[in-house]
$ cat model.cif   # mmCIF, C-alpha atoms, pLDDT in the B column; chains and numbers go by the auth columns
data_target
#
loop_
_atom_site.group_PDB
_atom_site.id
_atom_site.type_symbol
_atom_site.label_atom_id
_atom_site.label_comp_id
_atom_site.label_asym_id
_atom_site.label_seq_id
_atom_site.Cartn_x
_atom_site.Cartn_y
_atom_site.Cartn_z
_atom_site.B_iso_or_equiv
_atom_site.auth_seq_id
_atom_site.auth_asym_id
ATOM 1 C CA MET A 1 -13.315 -9.750 -1.459 81.00 187 A
ATOM 2 C CA ASN A 2 -11.706 -13.112 -0.816 90.00 188 A
ATOM 3 C CA LEU A 3 -8.021 -13.206 0.062 93.00 189 A
ATOM 4 C CA PRO A 4 -5.543 -13.677 -1.438 95.00 190 A
ATOM 5 C CA PHE A 5 -6.623 -11.139 -4.043 93.00 191 A
ATOM 6 C CA THR A 6 -4.459 -10.033 -6.981 94.00 192 A
ATOM 7 C CA ILE A 7 -4.432 -6.607 -8.614 94.00 193 A
ATOM 8 C CA GLU A 8 -2.419 -5.717 -11.701 95.00 194 A
ATOM 9 C CA GLY A 9 -1.538 -2.069 -11.988 96.00 195 A
ATOM 10 C CA MET A 10 0.759 0.692 -13.122 97.00 196 A
ATOM 11 C CA VAL A 11 2.862 2.697 -10.671 97.00 197 A
ATOM 12 C CA ILE A 12 1.916 6.359 -10.936 95.00 198 A
ATOM 13 C CA HIS A 13 3.014 9.558 -9.225 91.00 199 A
ATOM 14 C CA GLY A 14 1.174 10.400 -6.019 81.00 200 A
ATOM 15 C CA GLN A 15 1.319 13.190 -3.465 76.00 201 A
ATOM 16 C CA LYS A 16 4.742 11.978 -2.195 72.00 202 A
ATOM 17 C CA ARG A 17 3.620 12.312 1.434 74.00 203 A
ATOM 18 C CA GLY A 18 4.908 8.865 2.397 75.00 204 A
ATOM 19 C CA ARG A 19 8.498 9.773 1.660 76.00 205 A
ATOM 20 C CA LEU A 20 8.189 12.813 3.960 72.00 206 A
ATOM 21 C CA ILE A 21 7.579 10.501 6.927 83.00 207 A
ATOM 22 C CA GLY A 22 10.098 7.848 5.897 85.00 208 A
ATOM 23 C CA PHE A 23 7.716 5.457 4.135 92.00 209 A
ATOM 24 C CA PRO A 24 7.744 6.133 0.384 93.00 210 A
ATOM 25 C CA THR A 25 4.933 4.317 -1.374 94.00 211 A
ATOM 26 C CA ALA A 26 4.253 2.999 -4.839 96.00 212 A
ATOM 27 C CA ASN A 27 0.913 4.461 -5.912 95.00 213 A
ATOM 28 C CA ILE A 28 -0.810 1.858 -8.048 96.00 214 A
ATOM 29 C CA LYS A 29 -3.483 2.489 -10.655 95.00 215 A
ATOM 30 C CA PRO A 30 -5.315 -0.819 -11.066 93.00 216 A
ATOM 31 C CA LEU A 31 -5.633 -2.209 -14.589 91.00 217 A
ATOM 32 C CA ASN A 32 -8.047 -5.038 -13.836 76.00 218 A
ATOM 33 C CA TYR A 33 -10.423 -3.587 -11.201 70.00 219 A
ATOM 34 C CA PHE A 34 -12.248 -0.398 -10.408 73.00 220 A
ATOM 35 C CA LEU A 35 -10.755 1.062 -7.264 70.00 221 A
ATOM 36 C CA ASN A 36 -14.133 1.619 -5.635 69.00 222 A
ATOM 37 C CA SER A 37 -14.919 -2.115 -5.949 74.00 223 A
ATOM 38 C CA LEU A 38 -12.086 -3.053 -3.586 83.00 224 A
ATOM 39 C CA GLU A 39 -12.476 -3.400 0.192 90.00 225 A
ATOM 40 C CA TYR A 40 -10.758 -0.510 1.968 94.00 226 A
ATOM 41 C CA GLY A 41 -8.120 -1.280 4.560 96.00 227 A
ATOM 42 C CA VAL A 42 -4.449 -1.910 5.238 97.00 228 A
ATOM 43 C CA TYR A 43 -3.137 -5.232 3.973 97.00 229 A
ATOM 44 C CA ALA A 44 -0.083 -7.422 4.343 98.00 230 A
ATOM 45 C CA SER A 45 0.754 -8.044 0.717 98.00 231 A
ATOM 46 C CA LYS A 46 3.286 -9.212 -1.834 98.00 232 A
ATOM 47 C CA ILE A 47 4.261 -7.154 -4.846 98.00 233 A
ATOM 48 C CA ASP A 48 5.888 -8.523 -7.986 98.00 234 A
ATOM 49 C CA VAL A 49 8.172 -5.996 -9.658 97.00 235 A
ATOM 50 C CA HIS A 50 9.718 -7.357 -12.874 94.00 236 A
ATOM 51 C CA GLY A 51 9.666 -10.939 -11.568 96.00 237 A
ATOM 52 C CA SER A 52 11.096 -10.127 -8.117 97.00 238 A
ATOM 53 C CA VAL A 53 8.659 -10.437 -5.217 98.00 239 A
ATOM 54 C CA TYR A 54 8.768 -8.223 -2.134 98.00 240 A
ATOM 55 C CA LYS A 55 6.757 -7.837 1.050 98.00 241 A
ATOM 56 C CA ALA A 56 4.563 -4.719 1.190 98.00 242 A
ATOM 57 C CA ALA A 57 2.189 -2.872 3.496 98.00 243 A
ATOM 58 C CA THR A 58 -0.674 -1.700 1.294 97.00 244 A
ATOM 59 C CA ASN A 59 -3.354 0.883 2.018 95.00 245 A
ATOM 60 C CA ILE A 60 -6.488 0.813 -0.114 95.00 246 A
ATOM 61 C CA GLY A 61 -8.868 3.693 0.389 92.00 247 A
ATOM 62 C CA PRO A 62 -8.859 7.391 1.170 87.00 248 A
ATOM 63 C CA ALA A 63 -5.934 9.165 2.842 83.00 249 A
ATOM 64 C CA ALA A 64 -8.169 10.161 5.744 79.00 250 A
ATOM 65 C CA THR A 65 -5.399 11.793 7.794 82.00 251 A
ATOM 66 C CA PHE A 66 -4.751 14.163 4.876 78.00 252 A
ATOM 67 C CA ASN A 67 -8.482 14.789 4.272 75.00 253 A
ATOM 68 C CA ARG A 68 -8.385 13.116 0.855 79.00 254 A
ATOM 69 C CA ASN A 69 -11.595 11.266 0.142 81.00 255 A
ATOM 70 C CA GLU A 70 -10.509 9.912 -3.226 85.00 256 A
ATOM 71 C CA PRO A 71 -9.399 6.295 -2.780 89.00 257 A
ATOM 72 C CA THR A 72 -5.913 5.182 -3.768 91.00 258 A
ATOM 73 C CA ILE A 73 -3.773 2.065 -3.609 95.00 259 A
ATOM 74 C CA GLU A 74 -0.441 2.796 -1.934 95.00 260 A
ATOM 75 C CA SER A 75 2.150 0.137 -1.137 97.00 261 A
ATOM 76 C CA TYR A 76 5.186 0.609 1.048 97.00 262 A
ATOM 77 C CA ILE A 77 7.577 -2.017 -0.300 97.00 263 A
ATOM 78 C CA LEU A 78 9.892 -3.414 2.357 97.00 264 A
ATOM 79 C CA ASN A 79 13.638 -3.411 1.618 94.00 265 A
ATOM 80 C CA PHE A 80 13.118 -1.681 -1.727 95.00 266 A
ATOM 81 C CA ASN A 81 14.506 1.555 -3.123 92.00 267 A
ATOM 82 C CA LYS A 82 14.110 1.679 -6.901 94.00 268 A
ATOM 83 C CA ASP A 83 12.336 4.015 -9.301 94.00 269 A
ATOM 84 C CA ILE A 84 9.406 2.046 -10.706 97.00 270 A
ATOM 85 C CA TYR A 85 7.210 4.858 -12.016 95.00 271 A
ATOM 86 C CA LYS A 86 5.253 3.839 -15.124 96.00 272 A
ATOM 87 C CA GLN A 87 6.048 0.172 -14.456 97.00 273 A
ATOM 88 C CA LYS A 88 3.516 -2.636 -14.294 97.00 274 A
ATOM 89 C CA VAL A 89 3.331 -4.493 -10.964 98.00 275 A
ATOM 90 C CA ILE A 90 1.296 -7.382 -9.623 97.00 276 A
ATOM 91 C CA LEU A 91 0.029 -6.794 -6.097 97.00 277 A
ATOM 92 C CA THR A 92 -1.371 -9.683 -4.065 97.00 278 A
ATOM 93 C CA LEU A 93 -3.306 -8.837 -0.915 96.00 279 A
ATOM 94 C CA ILE A 94 -2.721 -11.656 1.580 97.00 280 A
ATOM 95 C CA HIS A 95 -4.103 -10.577 4.949 95.00 281 A
ATOM 96 C CA LYS A 96 -6.120 -7.561 6.102 96.00 282 A
ATOM 97 C CA ILE A 97 -4.311 -5.923 9.013 96.00 283 A
ATOM 98 C CA ARG A 98 -6.799 -3.189 9.896 97.00 284 A
ATOM 99 C CA ASP A 99 -9.407 -0.754 8.624 95.00 285 A
ATOM 100 C CA VAL A 100 -8.512 2.676 7.242 93.00 286 A
ATOM 101 C CA GLN A 101 -8.242 5.244 10.039 93.00 287 A
ATOM 102 C CA LYS A 102 -7.830 8.993 10.386 92.00 288 A
ATOM 103 C CA PHE A 103 -4.938 9.921 12.687 92.00 289 A
ATOM 104 C CA THR A 104 -4.717 13.123 14.707 93.00 290 A
ATOM 105 C CA SER A 105 -1.048 13.725 13.886 91.00 291 A
ATOM 106 C CA LEU A 106 1.715 12.634 11.521 90.00 292 A
ATOM 107 C CA GLN A 107 3.511 11.151 14.529 93.00 293 A
ATOM 108 C CA ASN A 108 0.520 8.913 15.309 94.00 294 A
ATOM 109 C CA LEU A 109 0.295 7.896 11.648 93.00 295 A
ATOM 110 C CA THR A 110 4.019 7.120 11.507 93.00 296 A
ATOM 111 C CA GLU A 111 3.836 5.031 14.690 96.00 297 A
ATOM 112 C CA GLN A 112 0.945 3.017 13.217 96.00 298 A
ATOM 113 C CA ILE A 113 2.814 2.463 9.940 95.00 299 A
ATOM 114 C CA VAL A 114 5.768 1.109 11.940 96.00 300 A
ATOM 115 C CA ARG A 115 3.368 -1.391 13.576 97.00 301 A
ATOM 116 C CA ASP A 116 1.832 -2.240 10.193 97.00 302 A
ATOM 117 C CA VAL A 117 5.260 -2.911 8.655 97.00 303 A
ATOM 118 C CA ARG A 118 6.163 -5.135 11.616 96.00 304 A
ATOM 119 C CA ASP A 119 2.920 -7.073 11.089 96.00 305 A
ATOM 120 C CA VAL A 120 3.713 -7.486 7.391 96.00 306 A
ATOM 121 C CA SER A 121 7.206 -8.768 8.238 95.00 307 A
ATOM 122 C CA LEU A 122 5.698 -11.386 10.533 92.00 308 A
ATOM 123 C CA LYS A 123 2.724 -12.470 8.403 90.00 309 A
ATOM 124 C CA ILE A 124 4.213 -12.663 4.911 93.00 310 A
ATOM 125 C CA ARG A 125 6.621 -15.365 3.769 91.00 311 A
ATOM 126 C CA LEU A 126 8.470 -15.088 0.498 87.00 312 A
#

$ encode --input "model.cif" --output "structure tokens"
Amino acid sequence: MNLPFTIEGMVIHGQKRGRLIGFPTANIKPLNYFLNSLEYGVYASKIDVHGSVYKAATNIGPAATFNRNEPTIESYILNFNKDIYKQKVILTLIHKIRDVQKFTSLQNLTEQIVRDVRDVSLKIRL
């Protein structure tokens, strides 16, 4: 998968685990790709929501820490707090930050997400 890579999708309801640890995510069902054809990992990305573009940290793949093998696309949108369920978005993956990992605790996962968000802030320009 060459970067940047664009995915169009609909925001759907997920497990809502991200909001429990302070990082609510937009779960995206791709409209133009099969999820299993995408390269798993965490990406610095941009997401277009109704013509406004935001920075996002995006995980593509299984939620290994929660023992979910089914792959998903989940984007934590920086500086964003709107209800966008059932809305079409355009997600552009810019830079792969790391591979998907399984963490031994929610605290370890949360600490890594903080690092991922910092990386996104530094690597993405709007």

$ residues_around --input "model.cif" --residues "A:Leu279" --least-positions-apart "5" --cutoff "9 Å" --atoms "all atoms listed in the file" --output "count of residues only"
11

$ residues_around --input "model.cif" --residues "stretch 254-257 of chain A" --least-positions-apart "2" --cutoff "12 Å" --atoms "only C-alpha atoms" --output "tab-separated table (two decimals) with C-alpha atoms, in the coordinates of the input"
chain	number	residue	atom	x	y	z
A	200	GLY	CA	1.17	10.40	-6.02
A	201	GLN	CA	1.32	13.19	-3.46
A	213	ASN	CA	0.91	4.46	-5.91
A	214	ILE	CA	-0.81	1.86	-8.05
A	215	LYS	CA	-3.48	2.49	-10.66
A	216	PRO	CA	-5.32	-0.82	-11.07
A	220	PHE	CA	-12.25	-0.40	-10.41
A	221	LEU	CA	-10.76	1.06	-7.26
A	222	ASN	CA	-14.13	1.62	-5.64
A	223	SER	CA	-14.92	-2.12	-5.95
A	224	LEU	CA	-12.09	-3.05	-3.59
A	225	GLU	CA	-12.48	-3.40	0.19
A	226	TYR	CA	-10.76	-0.51	1.97
A	227	GLY	CA	-8.12	-1.28	4.56
A	245	ASN	CA	-3.35	0.88	2.02
A	246	ILE	CA	-6.49	0.81	-0.11
A	247	GLY	CA	-8.87	3.69	0.39
A	248	PRO	CA	-8.86	7.39	1.17
A	249	ALA	CA	-5.93	9.16	2.84
A	250	ALA	CA	-8.17	10.16	5.74
A	251	THR	CA	-5.40	11.79	7.79
A	252	PHE	CA	-4.75	14.16	4.88
A	259	ILE	CA	-3.77	2.06	-3.61
A	260	GLU	CA	-0.44	2.80	-1.93
A	286	VAL	CA	-8.51	2.68	7.24
A	288	LYS	CA	-7.83	8.99	10.39

$ residues_around --input "model.cif" --residues "A:Asp269" --least-positions-apart "6" --cutoff "12 Å" --atoms "only C-alpha atoms" --output "PyMOL selection string"
chain A and resi 197-199+210-213+235+263

$ resolve_selection --input "model.cif" --expression "the PyMOL selection byres ((chain A and resi 294-299) around 12)" --output "number ranges by chain"
A: 203-211, 228-230, 242-245, 249-252, 261-262, 264, 283-293, 300-306

$ write_last_selection --input "model.cif" --atoms "C-alpha atoms" --output "PDB file, in the frame of the given file"
ATOM      1  CA  ARG A 203       3.620  12.312   1.434  1.00 74.00           C
ATOM      2  CA  GLY A 204       4.908   8.865   2.397  1.00 75.00           C
ATOM      3  CA  ARG A 205       8.498   9.773   1.660  1.00 76.00           C
ATOM      4  CA  LEU A 206       8.189  12.813   3.960  1.00 72.00           C
ATOM      5  CA  ILE A 207       7.579  10.501   6.927  1.00 83.00           C
ATOM      6  CA  GLY A 208      10.098   7.848   5.897  1.00 85.00           C
ATOM      7  CA  PHE A 209       7.716   5.457   4.135  1.00 92.00           C
ATOM      8  CA  PRO A 210       7.744   6.133   0.384  1.00 93.00           C
ATOM      9  CA  THR A 211       4.933   4.317  -1.374  1.00 94.00           C
ATOM     10  CA  VAL A 228      -4.449  -1.910   5.238  1.00 97.00           C
ATOM     11  CA  TYR A 229      -3.137  -5.232   3.973  1.00 97.00           C
ATOM     12  CA  ALA A 230      -0.083  -7.422   4.343  1.00 98.00           C
ATOM     13  CA  ALA A 242       4.563  -4.719   1.190  1.00 98.00           C
ATOM     14  CA  ALA A 243       2.189  -2.872   3.496  1.00 98.00           C
ATOM     15  CA  THR A 244      -0.674  -1.700   1.294  1.00 97.00           C
ATOM     16  CA  ASN A 245      -3.354   0.883   2.018  1.00 95.00           C
ATOM     17  CA  ALA A 249      -5.934   9.165   2.842  1.00 83.00           C
ATOM     18  CA  ALA A 250      -8.169  10.161   5.744  1.00 79.00           C
ATOM     19  CA  THR A 251      -5.399  11.793   7.794  1.00 82.00           C
ATOM     20  CA  PHE A 252      -4.751  14.163   4.876  1.00 78.00           C
ATOM     21  CA  SER A 261       2.150   0.137  -1.137  1.00 97.00           C
ATOM     22  CA  TYR A 262       5.186   0.609   1.048  1.00 97.00           C
ATOM     23  CA  LEU A 264       9.892  -3.414   2.357  1.00 97.00           C
ATOM     24  CA  ILE A 283      -4.311  -5.923   9.013  1.00 96.00           C
ATOM     25  CA  ARG A 284      -6.799  -3.189   9.896  1.00 97.00           C
ATOM     26  CA  ASP A 285      -9.407  -0.754   8.624  1.00 95.00           C
ATOM     27  CA  VAL A 286      -8.512   2.676   7.242  1.00 93.00           C
ATOM     28  CA  GLN A 287      -8.242   5.244  10.039  1.00 93.00           C
ATOM     29  CA  LYS A 288      -7.830   8.993  10.386  1.00 92.00           C
ATOM     30  CA  PHE A 289      -4.938   9.921  12.687  1.00 92.00           C
ATOM     31  CA  THR A 290      -4.717  13.123  14.707  1.00 93.00           C
ATOM     32  CA  SER A 291      -1.048  13.725  13.886  1.00 91.00           C
ATOM     33  CA  LEU A 292       1.715  12.634  11.521  1.00 90.00           C
ATOM     34  CA  GLN A 293       3.511  11.151  14.529  1.00 93.00           C
ATOM     35  CA  VAL A 300       5.768   1.109  11.940  1.00 96.00           C
ATOM     36  CA  ARG A 301       3.368  -1.391  13.576  1.00 97.00           C
ATOM     37  CA  ASP A 302       1.832  -2.240  10.193  1.00 97.00           C
ATOM     38  CA  VAL A 303       5.260  -2.911   8.655  1.00 97.00           C
ATOM     39  CA  ARG A 304       6.163  -5.135  11.616  1.00 96.00           C
ATOM     40  CA  ASP A 305       2.920  -7.073  11.089  1.00 96.00           C
ATOM     41  CA  VAL A 306       3.713  -7.486   7.391  1.00 96.00           C
TER      42      VAL A 306
END

$ atom_distance --input "model.cif" --atom1 "atom CA of A:Ile276" --atom2 "atom CA of A:Leu308"
21.0 Å

$ atom_distance --input "model.cif" --atom1 "atom CA of A:Phe266" --atom2 "atom CA of A:Asn218"
24.6 Å

$ decode --input "model.cif" --residues "stretch 261-274 of chain A" --atoms "all heavy atoms" --output "mmCIF file, in the first residue's frame"
data_model
loop_
_atom_site.group_PDB
_atom_site.id
_atom_site.type_symbol
_atom_site.label_atom_id
_atom_site.label_comp_id
_atom_site.auth_asym_id
_atom_site.auth_seq_id
_atom_site.Cartn_x
_atom_site.Cartn_y
_atom_site.Cartn_z
ATOM 1 N N SER A 261 -10.368 5.773 14.020
ATOM 2 C CA SER A 261 -9.598 7.018 13.987
ATOM 3 C C SER A 261 -9.935 7.878 15.189
ATOM 4 O O SER A 261 -11.106 8.208 15.418
ATOM 5 C CB SER A 261 -9.902 7.811 12.714
ATOM 6 O OG SER A 261 -9.366 7.174 11.586
ATOM 7 N N TYR A 262 -8.915 8.233 15.938
ATOM 8 C CA TYR A 262 -9.056 9.238 16.986
ATOM 9 C C TYR A 262 -8.783 10.573 16.322
ATOM 10 O O TYR A 262 -7.673 10.832 15.845
ATOM 11 C CB TYR A 262 -8.087 8.995 18.146
ATOM 12 C CG TYR A 262 -8.086 10.140 19.134
ATOM 13 C CD1 TYR A 262 -9.194 10.367 19.951
ATOM 14 C CD2 TYR A 262 -7.016 11.017 19.204
ATOM 15 C CE1 TYR A 262 -9.208 11.445 20.825
ATOM 16 C CE2 TYR A 262 -7.025 12.082 20.089
ATOM 17 C CZ TYR A 262 -8.132 12.291 20.889
ATOM 18 O OH TYR A 262 -8.155 13.356 21.754
ATOM 19 N N ILE A 263 -9.800 11.417 16.260
ATOM 20 C CA ILE A 263 -9.697 12.702 15.564
ATOM 21 C C ILE A 263 -9.291 13.769 16.572
ATOM 22 O O ILE A 263 -10.002 13.999 17.553
ATOM 23 C CB ILE A 263 -11.031 13.065 14.881
ATOM 24 C CG1 ILE A 263 -11.499 11.909 13.976
ATOM 25 C CG2 ILE A 263 -10.889 14.361 14.102
ATOM 26 C CD1 ILE A 263 -12.917 12.080 13.440
ATOM 27 N N LEU A 264 -8.154 14.396 16.337
ATOM 28 C CA LEU A 264 -7.640 15.400 17.255
ATOM 29 C C LEU A 264 -8.508 16.653 17.233
ATOM 30 O O LEU A 264 -8.951 17.094 16.170
ATOM 31 C CB LEU A 264 -6.195 15.758 16.904
ATOM 32 C CG LEU A 264 -5.116 14.752 17.295
ATOM 33 C CD1 LEU A 264 -5.212 13.450 16.543
ATOM 34 C CD2 LEU A 264 -3.740 15.372 17.108
ATOM 35 N N ASN A 265 -8.729 17.216 18.420
ATOM 36 C CA ASN A 265 -9.490 18.470 18.573
ATOM 37 C C ASN A 265 -10.860 18.390 17.920
ATOM 38 O O ASN A 265 -11.275 19.301 17.201
ATOM 39 C CB ASN A 265 -8.692 19.653 18.017
ATOM 40 C CG ASN A 265 -7.334 19.766 18.657
ATOM 41 O OD1 ASN A 265 -7.206 19.718 19.876
ATOM 42 N ND2 ASN A 265 -6.297 19.871 17.841
ATOM 43 N N PHE A 266 -11.569 17.301 18.180
ATOM 44 C CA PHE A 266 -12.863 17.052 17.540
ATOM 45 C C PHE A 266 -13.795 16.409 18.552
ATOM 46 O O PHE A 266 -13.405 15.485 19.268
ATOM 47 C CB PHE A 266 -12.669 16.116 16.343
ATOM 48 C CG PHE A 266 -13.889 15.923 15.506
ATOM 49 C CD1 PHE A 266 -14.219 16.824 14.514
ATOM 50 C CD2 PHE A 266 -14.705 14.824 15.701
ATOM 51 C CE1 PHE A 266 -15.348 16.647 13.732
ATOM 52 C CE2 PHE A 266 -15.829 14.628 14.930
ATOM 53 C CZ PHE A 266 -16.153 15.543 13.935
ATOM 54 N N ASN A 267 -15.033 16.902 18.602
ATOM 55 C CA ASN A 267 -16.002 16.337 19.534
ATOM 56 C C ASN A 267 -17.414 16.522 18.972
ATOM 57 O O ASN A 267 -18.217 17.275 19.517
ATOM 58 C CB ASN A 267 -15.871 17.004 20.909
ATOM 59 C CG ASN A 267 -16.744 16.334 21.941
ATOM 60 O OD1 ASN A 267 -17.162 15.187 21.775
ATOM 61 N ND2 ASN A 267 -17.030 17.047 23.013
ATOM 62 N N LYS A 268 -17.686 15.841 17.860
ATOM 63 C CA LYS A 268 -19.004 15.941 17.237
ATOM 64 C C LYS A 268 -19.539 14.539 16.967
ATOM 65 O O LYS A 268 -18.767 13.597 16.801
ATOM 66 C CB LYS A 268 -18.930 16.712 15.915
ATOM 67 C CG LYS A 268 -18.522 18.150 16.079
ATOM 68 C CD LYS A 268 -18.449 18.854 14.745
ATOM 69 C CE LYS A 268 -17.947 20.275 14.943
ATOM 70 N NZ LYS A 268 -17.739 20.955 13.685
ATOM 71 N N ASP A 269 -20.838 14.417 16.910
ATOM 72 C CA ASP A 269 -21.480 13.149 16.574
ATOM 73 C C ASP A 269 -21.503 13.025 15.053
ATOM 74 O O ASP A 269 -22.168 13.810 14.368
ATOM 75 C CB ASP A 269 -22.901 13.120 17.137
ATOM 76 C CG ASP A 269 -23.637 11.828 16.841
ATOM 77 O OD1 ASP A 269 -23.142 10.998 16.050
ATOM 78 O OD2 ASP A 269 -24.729 11.642 17.403
ATOM 79 N N ILE A 270 -20.765 12.047 14.533
ATOM 80 C CA ILE A 270 -20.709 11.874 13.078
ATOM 81 C C ILE A 270 -21.143 10.466 12.665
ATOM 82 O O ILE A 270 -20.808 10.014 11.570
ATOM 83 C CB ILE A 270 -19.311 12.222 12.518
ATOM 84 C CG1 ILE A 270 -18.206 11.418 13.192
ATOM 85 C CG2 ILE A 270 -19.059 13.723 12.616
ATOM 86 C CD1 ILE A 270 -16.843 11.583 12.532
ATOM 87 N N TYR A 271 -21.871 9.785 13.534
ATOM 88 C CA TYR A 271 -22.383 8.463 13.170
ATOM 89 C C TYR A 271 -23.219 8.555 11.901
ATOM 90 O O TYR A 271 -23.959 9.512 11.677
ATOM 91 C CB TYR A 271 -23.231 7.870 14.298
ATOM 92 C CG TYR A 271 -22.414 7.451 15.487
ATOM 93 C CD1 TYR A 271 -22.580 8.071 16.712
ATOM 94 C CD2 TYR A 271 -21.463 6.431 15.401
ATOM 95 C CE1 TYR A 271 -21.836 7.698 17.813
ATOM 96 C CE2 TYR A 271 -20.704 6.055 16.489
ATOM 97 C CZ TYR A 271 -20.898 6.685 17.693
ATOM 98 O OH TYR A 271 -20.150 6.314 18.777
ATOM 99 N N LYS A 272 -23.066 7.560 11.043
ATOM 100 C CA LYS A 272 -23.775 7.441 9.772
ATOM 101 C C LYS A 272 -23.384 8.529 8.774
ATOM 102 O O LYS A 272 -24.109 8.787 7.818
ATOM 103 C CB LYS A 272 -25.289 7.412 9.975
ATOM 104 C CG LYS A 272 -25.758 6.249 10.826
ATOM 105 C CD LYS A 272 -27.251 6.250 10.961
ATOM 106 C CE LYS A 272 -27.695 5.113 11.868
ATOM 107 N NZ LYS A 272 -29.132 5.116 12.076
ATOM 108 N N GLN A 273 -22.230 9.165 8.995
ATOM 109 C CA GLN A 273 -21.750 10.193 8.084
ATOM 110 C C GLN A 273 -20.620 9.631 7.234
ATOM 111 O O GLN A 273 -19.829 8.798 7.681
ATOM 112 C CB GLN A 273 -21.235 11.404 8.865
ATOM 113 C CG GLN A 273 -22.242 12.030 9.792
ATOM 114 C CD GLN A 273 -23.432 12.618 9.055
ATOM 115 O OE1 GLN A 273 -23.264 13.309 8.047
ATOM 116 N NE2 GLN A 273 -24.622 12.343 9.537
ATOM 117 N N LYS A 274 -20.528 10.119 6.012
ATOM 118 C CA LYS A 274 -19.436 9.724 5.125
ATOM 119 C C LYS A 274 -18.214 10.577 5.437
ATOM 120 O O LYS A 274 -18.333 11.793 5.635
ATOM 121 C CB LYS A 274 -19.836 9.914 3.663
ATOM 122 C CG LYS A 274 -18.780 9.478 2.684
ATOM 123 C CD LYS A 274 -19.270 9.656 1.261
ATOM 124 C CE LYS A 274 -18.163 9.442 0.272
ATOM 125 N NZ LYS A 274 -18.598 9.754 -1.097
#
